[in-house]
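Pasted below: work.cif, mmCIF, C-alpha atoms and all ligand atoms.
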data_model
#
loop_
_atom_site.label_atom_id
_atom_site.label_comp_id
_atom_site.auth_asym_id
_atom_site.auth_seq_id
_atom_site.Cartn_x
_atom_site.Cartn_y
_atom_site.Cartn_z
CA MET A 1 42.80 55.23 115.13
CA SER A 2 44.83 54.43 118.21
CA ALA A 3 43.98 51.31 120.17
CA GLN A 4 43.16 51.24 123.87
CA ILE A 5 45.78 49.33 125.84
CA ILE A 6 44.70 46.29 127.84
CA ASP A 7 46.90 46.59 130.91
CA GLY A 8 47.55 42.96 131.82
CA GLN A 9 49.90 43.89 134.62
CA ALA A 10 47.31 46.08 136.39
CA ILE A 11 44.51 43.55 135.89
CA ALA A 12 46.76 40.73 137.14
CA MET A 13 47.65 42.69 140.29
CA GLU A 14 44.00 43.45 140.98
CA ILE A 15 43.10 39.75 140.75
CA ARG A 16 46.10 38.76 142.91
CA LEU A 17 44.95 41.18 145.62
CA ALA A 18 41.52 39.53 145.66
CA LEU A 19 43.19 36.09 145.76
CA LYS A 20 45.38 37.19 148.67
CA GLN A 21 42.27 38.12 150.62
CA GLU A 22 40.68 34.78 149.74
CA VAL A 23 43.80 32.93 150.90
CA GLU A 24 43.72 34.85 154.20
CA ALA A 25 40.06 33.87 154.69
CA LEU A 26 40.88 30.21 153.93
CA LYS A 27 43.70 30.28 156.49
CA GLN A 28 41.19 31.47 159.08
CA LYS A 29 39.35 28.21 158.39
CA GLY A 30 42.55 26.19 158.76
CA ILE A 31 43.18 25.72 155.03
CA PHE A 32 46.66 26.66 153.81
CA PRO A 33 46.65 26.45 149.99
CA GLY A 34 49.91 25.05 148.62
CA LEU A 35 51.53 25.23 145.17
CA ALA A 36 54.62 23.36 144.03
CA VAL A 37 56.64 23.84 140.87
CA ILE A 38 59.01 21.15 139.61
CA MET A 39 61.73 22.06 137.19
CA VAL A 40 64.44 19.93 135.60
CA GLY A 41 67.68 21.38 134.23
CA ASP A 42 68.85 24.95 133.83
CA ASN A 43 66.96 26.45 130.89
CA PRO A 44 67.31 30.21 131.64
CA ALA A 45 63.80 31.16 130.44
CA SER A 46 62.27 28.38 132.57
CA GLN A 47 64.35 29.45 135.58
CA LEU A 48 62.99 32.98 135.24
CA TYR A 49 59.36 31.78 134.94
CA VAL A 50 59.74 29.50 137.96
CA LYS A 51 61.19 32.33 140.06
CA MET A 52 58.30 34.60 139.04
CA LYS A 53 55.76 31.92 139.95
CA GLU A 54 57.40 31.34 143.34
CA LYS A 55 57.45 35.08 144.14
CA ALA A 56 53.82 35.55 143.07
CA ALA A 57 52.73 32.54 145.15
CA GLN A 58 54.50 33.88 148.23
CA GLU A 59 53.04 37.35 147.73
CA ILE A 60 49.46 36.07 147.97
CA GLY A 61 50.33 33.88 150.96
CA LEU A 62 50.42 30.42 149.40
CA HIS A 63 52.56 27.65 150.83
CA SER A 64 55.08 27.62 147.98
CA VAL A 65 57.49 24.81 147.13
CA VAL A 66 60.00 24.77 144.28
CA ARG A 67 61.84 21.53 143.41
CA LEU A 68 64.82 22.16 141.17
CA LYS A 69 66.15 18.91 139.73
CA PRO A 70 69.51 18.77 137.99
CA THR A 71 70.06 18.06 134.30
CA GLY A 72 70.32 14.29 133.96
CA THR A 73 67.43 13.56 136.34
CA THR A 74 65.97 10.28 135.16
CA GLN A 75 62.37 9.51 134.24
CA GLU A 76 62.13 7.28 137.34
CA GLU A 77 63.44 10.02 139.65
CA LEU A 78 61.00 12.53 138.22
CA MET A 79 58.13 10.05 138.50
CA ARG A 80 59.01 9.56 142.19
CA GLU A 81 58.86 13.34 142.66
CA ILE A 82 55.41 13.37 141.02
CA GLU A 83 54.24 10.57 143.33
CA GLU A 84 55.42 12.58 146.36
CA MET A 85 53.49 15.62 145.18
CA ASN A 86 50.40 13.52 144.53
CA GLU A 87 50.51 12.25 148.12
CA ASP A 88 51.56 15.47 149.91
CA PRO A 89 48.47 16.92 151.65
CA ARG A 90 50.10 20.38 151.91
CA ILE A 91 50.34 20.60 148.11
CA HIS A 92 46.95 21.26 146.51
CA GLY A 93 48.29 22.06 143.07
CA TYR A 94 51.56 21.56 141.28
CA MET A 95 53.09 21.77 137.84
CA VAL A 96 56.11 20.52 135.96
CA GLN A 97 57.78 23.32 134.05
CA LEU A 98 57.98 22.56 130.33
CA PRO A 99 59.81 21.89 128.09
CA LEU A 100 61.43 18.77 129.53
CA ALA A 101 64.71 17.91 127.82
CA GLU A 102 65.26 14.54 126.13
CA PRO A 103 65.27 11.71 127.09
CA LEU A 104 62.52 12.59 129.58
CA ARG A 105 59.09 11.50 128.35
CA GLU A 106 56.85 14.50 128.84
CA ARG A 107 53.53 12.78 128.07
CA GLU A 108 54.11 10.08 130.69
CA ILE A 109 55.03 12.72 133.28
CA LEU A 110 51.94 14.84 132.61
CA GLU A 111 49.70 11.77 132.78
CA ALA A 112 51.10 10.87 136.21
CA ILE A 113 49.96 14.16 137.75
CA ARG A 114 46.84 13.58 139.84
CA PRO A 115 44.11 15.43 137.90
CA VAL A 116 42.73 17.24 140.99
CA LYS A 117 46.20 18.77 141.50
CA ASP A 118 46.81 19.55 137.82
CA VAL A 119 46.65 23.35 138.03
CA ASP A 120 48.21 23.71 134.56
CA CYS A 121 45.32 21.65 133.07
CA PHE A 122 47.72 19.55 131.01
CA HIS A 123 46.49 16.08 132.06
CA PRO A 124 44.41 14.47 129.26
CA TYR A 125 41.54 13.95 131.72
CA ASN A 126 41.34 17.69 132.35
CA VAL A 127 41.88 18.51 128.67
CA GLY A 128 38.96 16.19 127.86
CA ARG A 129 36.72 17.86 130.43
CA LEU A 130 37.69 21.24 128.97
CA LEU A 131 36.75 20.06 125.48
CA ILE A 132 33.28 18.87 126.49
CA GLY A 133 32.60 21.97 128.59
CA GLU A 134 32.60 20.30 132.01
CA THR A 135 33.66 22.10 135.18
CA GLY A 136 37.31 21.96 136.15
CA PHE A 137 40.62 23.68 135.68
CA LYS A 138 41.19 25.86 132.64
CA PRO A 139 44.75 26.19 131.29
CA CYS A 140 46.45 29.31 132.61
CA THR A 141 47.42 31.25 129.48
CA PRO A 142 44.13 30.81 127.60
CA LEU A 143 42.17 31.59 130.78
CA GLY A 144 44.28 34.72 131.25
CA CYS A 145 43.52 35.77 127.65
CA ILE A 146 39.77 35.25 128.14
CA THR A 147 39.90 37.30 131.34
CA LEU A 148 41.63 40.14 129.48
CA LEU A 149 39.06 39.96 126.68
CA GLU A 150 36.22 40.10 129.20
CA ARG A 151 37.79 43.12 130.89
CA THR A 152 37.50 45.14 127.67
CA GLY A 153 33.72 44.87 127.94
CA VAL A 154 33.56 43.89 124.24
CA PRO A 155 31.16 40.91 123.97
CA ILE A 156 32.67 37.67 122.65
CA GLU A 157 29.39 36.05 121.61
CA GLY A 158 28.82 36.02 117.85
CA LYS A 159 32.24 37.47 117.08
CA LYS A 160 34.71 36.05 114.59
CA ALA A 161 37.84 35.04 116.46
CA VAL A 162 41.09 33.95 114.87
CA VAL A 163 43.66 32.08 116.96
CA VAL A 164 47.09 32.03 115.36
CA GLY A 165 48.99 28.98 116.62
CA ARG A 166 47.81 25.46 117.40
CA SER A 167 49.88 24.39 120.41
CA ASN A 168 48.44 22.19 123.15
CA ILE A 169 49.33 24.85 125.75
CA VAL A 170 47.74 27.88 124.07
CA GLY A 171 46.21 27.64 120.57
CA LYS A 172 43.95 24.60 120.91
CA PRO A 173 42.55 25.32 124.41
CA MET A 174 42.18 29.01 123.53
CA ALA A 175 39.96 28.11 120.58
CA ILE A 176 37.84 25.87 122.84
CA LEU A 177 37.34 28.60 125.46
CA LEU A 178 36.33 31.11 122.76
CA MET A 179 33.93 28.59 121.20
CA HIS A 180 32.31 27.96 124.58
CA ARG A 181 31.69 31.70 124.75
CA ASN A 182 29.89 31.49 121.40
CA ALA A 183 32.55 33.04 119.20
CA THR A 184 32.99 31.70 115.66
CA VAL A 185 36.55 30.44 115.80
CA ALA A 186 39.25 29.76 113.22
CA ILE A 187 42.62 28.28 114.13
CA CYS A 188 45.39 29.41 111.80
CA HIS A 189 48.91 27.97 111.62
CA SER A 190 52.00 27.69 109.45
CA LYS A 191 50.10 25.90 106.64
CA THR A 192 47.26 28.44 106.48
CA ARG A 193 47.13 29.69 102.87
CA ASP A 194 46.29 33.35 103.37
CA LEU A 195 46.65 34.40 106.99
CA ALA A 196 46.02 38.08 106.25
CA ALA A 197 42.68 37.24 104.60
CA GLU A 198 41.64 35.30 107.73
CA LEU A 199 42.85 38.00 110.09
CA ARG A 200 41.11 40.80 108.18
CA GLN A 201 37.75 39.24 109.12
CA ALA A 202 38.63 38.79 112.79
CA ASP A 203 36.98 40.83 115.54
CA ILE A 204 39.22 39.03 118.03
CA VAL A 205 42.80 37.94 117.34
CA VAL A 206 44.87 35.78 119.68
CA ALA A 207 48.48 35.57 118.53
CA ALA A 208 50.46 32.59 119.80
CA VAL A 209 52.94 31.63 117.09
CA GLY A 210 56.27 32.49 118.68
CA ILE A 211 57.52 34.65 115.80
CA PRO A 212 58.49 38.21 116.70
CA ARG A 213 56.20 40.93 115.25
CA PHE A 214 54.66 38.41 112.84
CA ILE A 215 51.24 40.06 112.69
CA THR A 216 51.20 43.63 111.41
CA GLY A 217 48.59 46.38 111.38
CA GLU A 218 47.66 45.96 107.72
CA MET A 219 46.56 42.36 108.37
CA LEU A 220 44.00 43.45 110.98
CA LYS A 221 40.36 44.49 110.83
CA PRO A 222 39.92 48.04 112.12
CA GLY A 223 38.72 47.98 115.73
CA ALA A 224 39.77 44.36 116.40
CA VAL A 225 40.67 43.20 119.91
CA VAL A 226 44.24 41.88 119.75
CA ILE A 227 45.66 39.59 122.44
CA ASP A 228 49.37 38.95 122.04
CA VAL A 229 50.65 35.80 123.79
CA GLY A 230 54.14 36.00 122.26
CA ILE A 231 57.25 36.53 124.37
CA ASN A 232 60.20 36.78 121.97
CA ARG A 233 63.64 38.00 122.93
CA LEU A 234 65.41 39.87 120.10
CA PRO A 235 69.21 39.76 119.66
CA ASP A 236 69.45 43.23 121.27
CA GLY A 237 67.74 41.85 124.40
CA LYS A 238 64.39 43.60 123.80
CA VAL A 239 61.31 41.46 124.46
CA VAL A 240 58.53 41.74 121.85
CA GLY A 241 55.30 39.90 121.08
CA ASP A 242 54.03 38.07 118.01
CA VAL A 243 52.24 41.29 117.01
CA ASP A 244 53.98 44.36 115.64
CA PHE A 245 52.69 46.70 118.33
CA VAL A 246 53.45 49.98 116.56
CA SER A 247 51.50 49.25 113.37
CA ALA A 248 48.82 47.08 115.03
CA SER A 249 47.92 49.72 117.60
CA GLN A 250 47.09 52.11 114.74
CA VAL A 251 44.38 49.72 113.49
CA ALA A 252 43.14 47.68 116.49
CA GLY A 253 40.47 48.85 118.93
CA TRP A 254 42.15 47.14 121.87
CA ILE A 255 45.59 45.59 122.22
CA THR A 256 47.72 43.93 124.90
CA PRO A 257 51.32 45.13 125.21
CA VAL A 258 54.38 42.85 125.59
CA PRO A 259 55.63 42.82 128.28
CA ARG A 260 52.85 43.63 130.83
CA GLY A 261 50.09 41.95 128.84
CA VAL A 262 49.31 38.23 128.89
CA GLY A 263 52.46 37.18 130.83
CA PRO A 264 51.40 38.38 134.30
CA MET A 265 47.93 36.93 133.70
CA THR A 266 49.28 33.41 133.11
CA ILE A 267 50.90 33.39 136.55
CA THR A 268 47.78 34.88 138.11
CA MET A 269 45.60 32.11 136.67
CA LEU A 270 48.00 29.52 138.10
CA LEU A 271 47.46 31.08 141.54
CA LYS A 272 43.70 31.15 140.96
CA ASN A 273 43.66 27.46 139.97
CA THR A 274 45.69 26.61 143.09
CA VAL A 275 43.20 28.36 145.38
CA GLU A 276 40.43 26.52 143.52
CA ALA A 277 42.27 23.22 143.99
CA ALA A 278 42.63 23.83 147.74
CA LYS A 279 38.93 24.62 148.06
CA ASN A 280 37.98 21.49 146.09
CA GLN A 281 40.25 19.21 148.10
CA CYS A 282 39.04 20.68 151.39
CA LYS A 283 35.38 20.61 150.21
CA ILE A 284 34.81 24.39 150.62
N1 LIG B 301 56.30 26.37 129.73
C1 LIG B 301 55.83 27.44 129.06
N2 LIG B 301 54.59 27.73 129.47
C2 LIG B 301 54.26 26.82 130.40
C3 LIG B 301 53.10 26.60 131.20
O1 LIG B 301 52.09 27.29 131.11
N3 LIG B 301 53.17 25.55 132.05
C4 LIG B 301 54.26 24.76 132.14
N4 LIG B 301 54.20 23.74 133.00
N5 LIG B 301 55.34 24.93 131.43
C5 LIG B 301 55.34 25.96 130.56
#
Let me see whether you can do it: turn the structure in this file into structure tokens.
Ligand code: GUN
Amino acid sequence: MSAQIIDGQAIAMEIRLALKQEVEALKQKGIFPGLAVIMVGDNPASQLYVKMKEKAAQEIGLHSVVRLKPTGTTQEELMREIEEMNEDPRIHGYMVQLPLAEPLREREILEAIRPVKDVDCFHPYNVGRLLIGETGFKPCTPLGCITLLERTGVPIEGKKAVVVGRSNIVGKPMAILLMHRNATVAICHSKTRDLAAELRQADIVVAAVGIPRFITGEMLKPGAVVIDVGINRLPDGKVVGDVDFVSASQVAGWITPVPRGVGPMTITMLLKNTVEAAKNQCKI
């Protein structure tokens, strides 16, 4: 069997077009949605992500601000930046690019972000609301994965889903979103005894471990929907996912490629959350 490809790039562009139209309509009403990204230091991967976010924001017509802070920026300086963003009425949503290098205290920074502007959904208040199924922001990567799953037309309800990886950014919130859609969810991680045995029962697999080509075709249940969150750069420069695409696509029913899978959806969900934030703050 050969899996159908879930074209994250195409789906992302379709959603961005709809968002662009929504932004234009909001501008007609005098609302100019604004997104800011704060980055500290010169991590090359983070620089690339921030550039991509800025470009995407501009393309849909958002007021886009990027604050690049040098390596050595202190906790106090960064907290002042956060305060400015919290008070700036032109900024409806903003995010601090992670990881933050030591000695910056990431938790304290994330907790200083005003929850209504927390378009990443990293503030514990928003994480708590997510857990108990209240309305509010959903974190960008898991929301992008759910959107891709929904686009396949394969129902989530009643399915066995296995999330591989337990990070705060992807694994944990992903499991919550799947559970709220009535999937039966297992979270697997480095201490899981027999990952292949878990995966072989899974109708839905979300791979977010950060190990190149970790999940292979023989671990999968035939026909499974496979969402690959991994972005791993190999020594030869090639970018691959956490799933071995060649073998997995022989077994899966649906699969996301890397690149052009989950990546463009993460940015798209950030834009979507920003438009949502602007509407909430302007009571639309
Ligand atoms: N670093 C890697 N992914 C993310 C993300 O989704 N948000 C932020 N703020 N930093 C990241």
Step by step: start from the point (54.0, 34.6, 121.9) in the file's coordinates, keep every protein, DNA or RNA residue that has an atom no farther than 8 Å from it, count all atoms listed in the file, and write the set as number ranges by chain. A: 207-212, 228-232, 241-242
Give me the box for ligand LIG 301 (chain B) as JSON, namely the centre and edge lengths in Å to one decimal of a box along x, y and z that holds every listed atom plus 6 Å on each side.
{"center_x": 54.2, "center_y": 25.7, "center_z": 131.0, "size_x": 16.2, "size_y": 16.0, "size_z": 15.9}
Let me have all residues with an atom within 8 Å of ligand LIG 301 (chain B), counting only C-alpha atoms and all ligand atoms, laid out as JSON, numbers by chain. {"A": [46, 95, 96, 97, 98, 99, 120, 122, 139, 140, 141, 169, 266]}
Can you tell me, as a PyMOL selection string, what residues are no more than 10 Å from region 70-76 of chain A when counting only C-alpha atoms, ignoring any on the same chain fewer than 5 positions away? chain A and resi 39-43+81-82+100-106+108-109
Shell around region 156-161 of chain A at 7 Å using only C-alpha atoms, local window under 5 positions removed, as a ChimeraX atom specification: /A:181-186,202-205
Point out the residue among A:Glu218, A:Asp88, A:Glu77, A:Glu24 with the least atom-to-atom distance to Arg114 (chain A), counting all atoms listed in the file. A:Asp88
Quick one, how far is CA of Gln4 (chain A) from CA of Glu198 (chain A)? 22.7 Å
At most 9 Å from (48.0, 26.0, 152.2), file frame, only C-alpha atoms: which residues, as a list in words? Val23, Leu26, Lys27, Gly30, Ile31, Phe32, Pro33, Gly34, Leu35, Gly61, Leu62, His63, Ser64, Arg90, Ile91, His92, Val275 and Ala278 of chain A
So which one's closest to Val206 (chain A), A:Lys172, A:Arg16, A:Arg80, A:Lys191? Using only C-alpha atoms, please. A:Lys172
Taking into account all atoms listed in the file, which residue in the set A:Leu148, A:Leu234, A:Ala12, A:Leu199 is nearest to Pro222 (chain A)?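 Ranked by minimum distance to Pro222 (chain A), first place goes to A:Leu199.
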Find the residue from A:Gly133, A:Val251, A:Ile284, A:Val162 that sits nearest to Ala25 (chain A); use only C-alpha atoms when measuring. A:Ile284
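Counting from CA of Leu178 (chain A), the distance to CA of Ile215 (chain A) is 20.1 Å.
Taking CA of Lys69 (chain A) and CA of Ile38 (chain A) as endpoints, the distance between them is 7.5 Å.
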From the set A:Gly253, A:Pro142, A:Gly263, A:Gly217, which residue has the shortest atom-to-atom contact distance to Met52 (chain A), counting only C-alpha atoms?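 The shortest atom-to-atom distance to Met52 (chain A) comes from A:Gly263.
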Pick out the residues sitting within 12 Å of Lys51 (chain A), and hand them over as a list in words; count all atoms listed in the file, and ignore anything fewer than 5 positions along from it in its own chain. Ala36, Val37, Ile38, Met39, Pro44, Ala45, Ser46, Ala56, Ala57, Gln58, Ser64, Val65, Val66, Arg67, Leu68, Gln97 and Ile267 of chain A
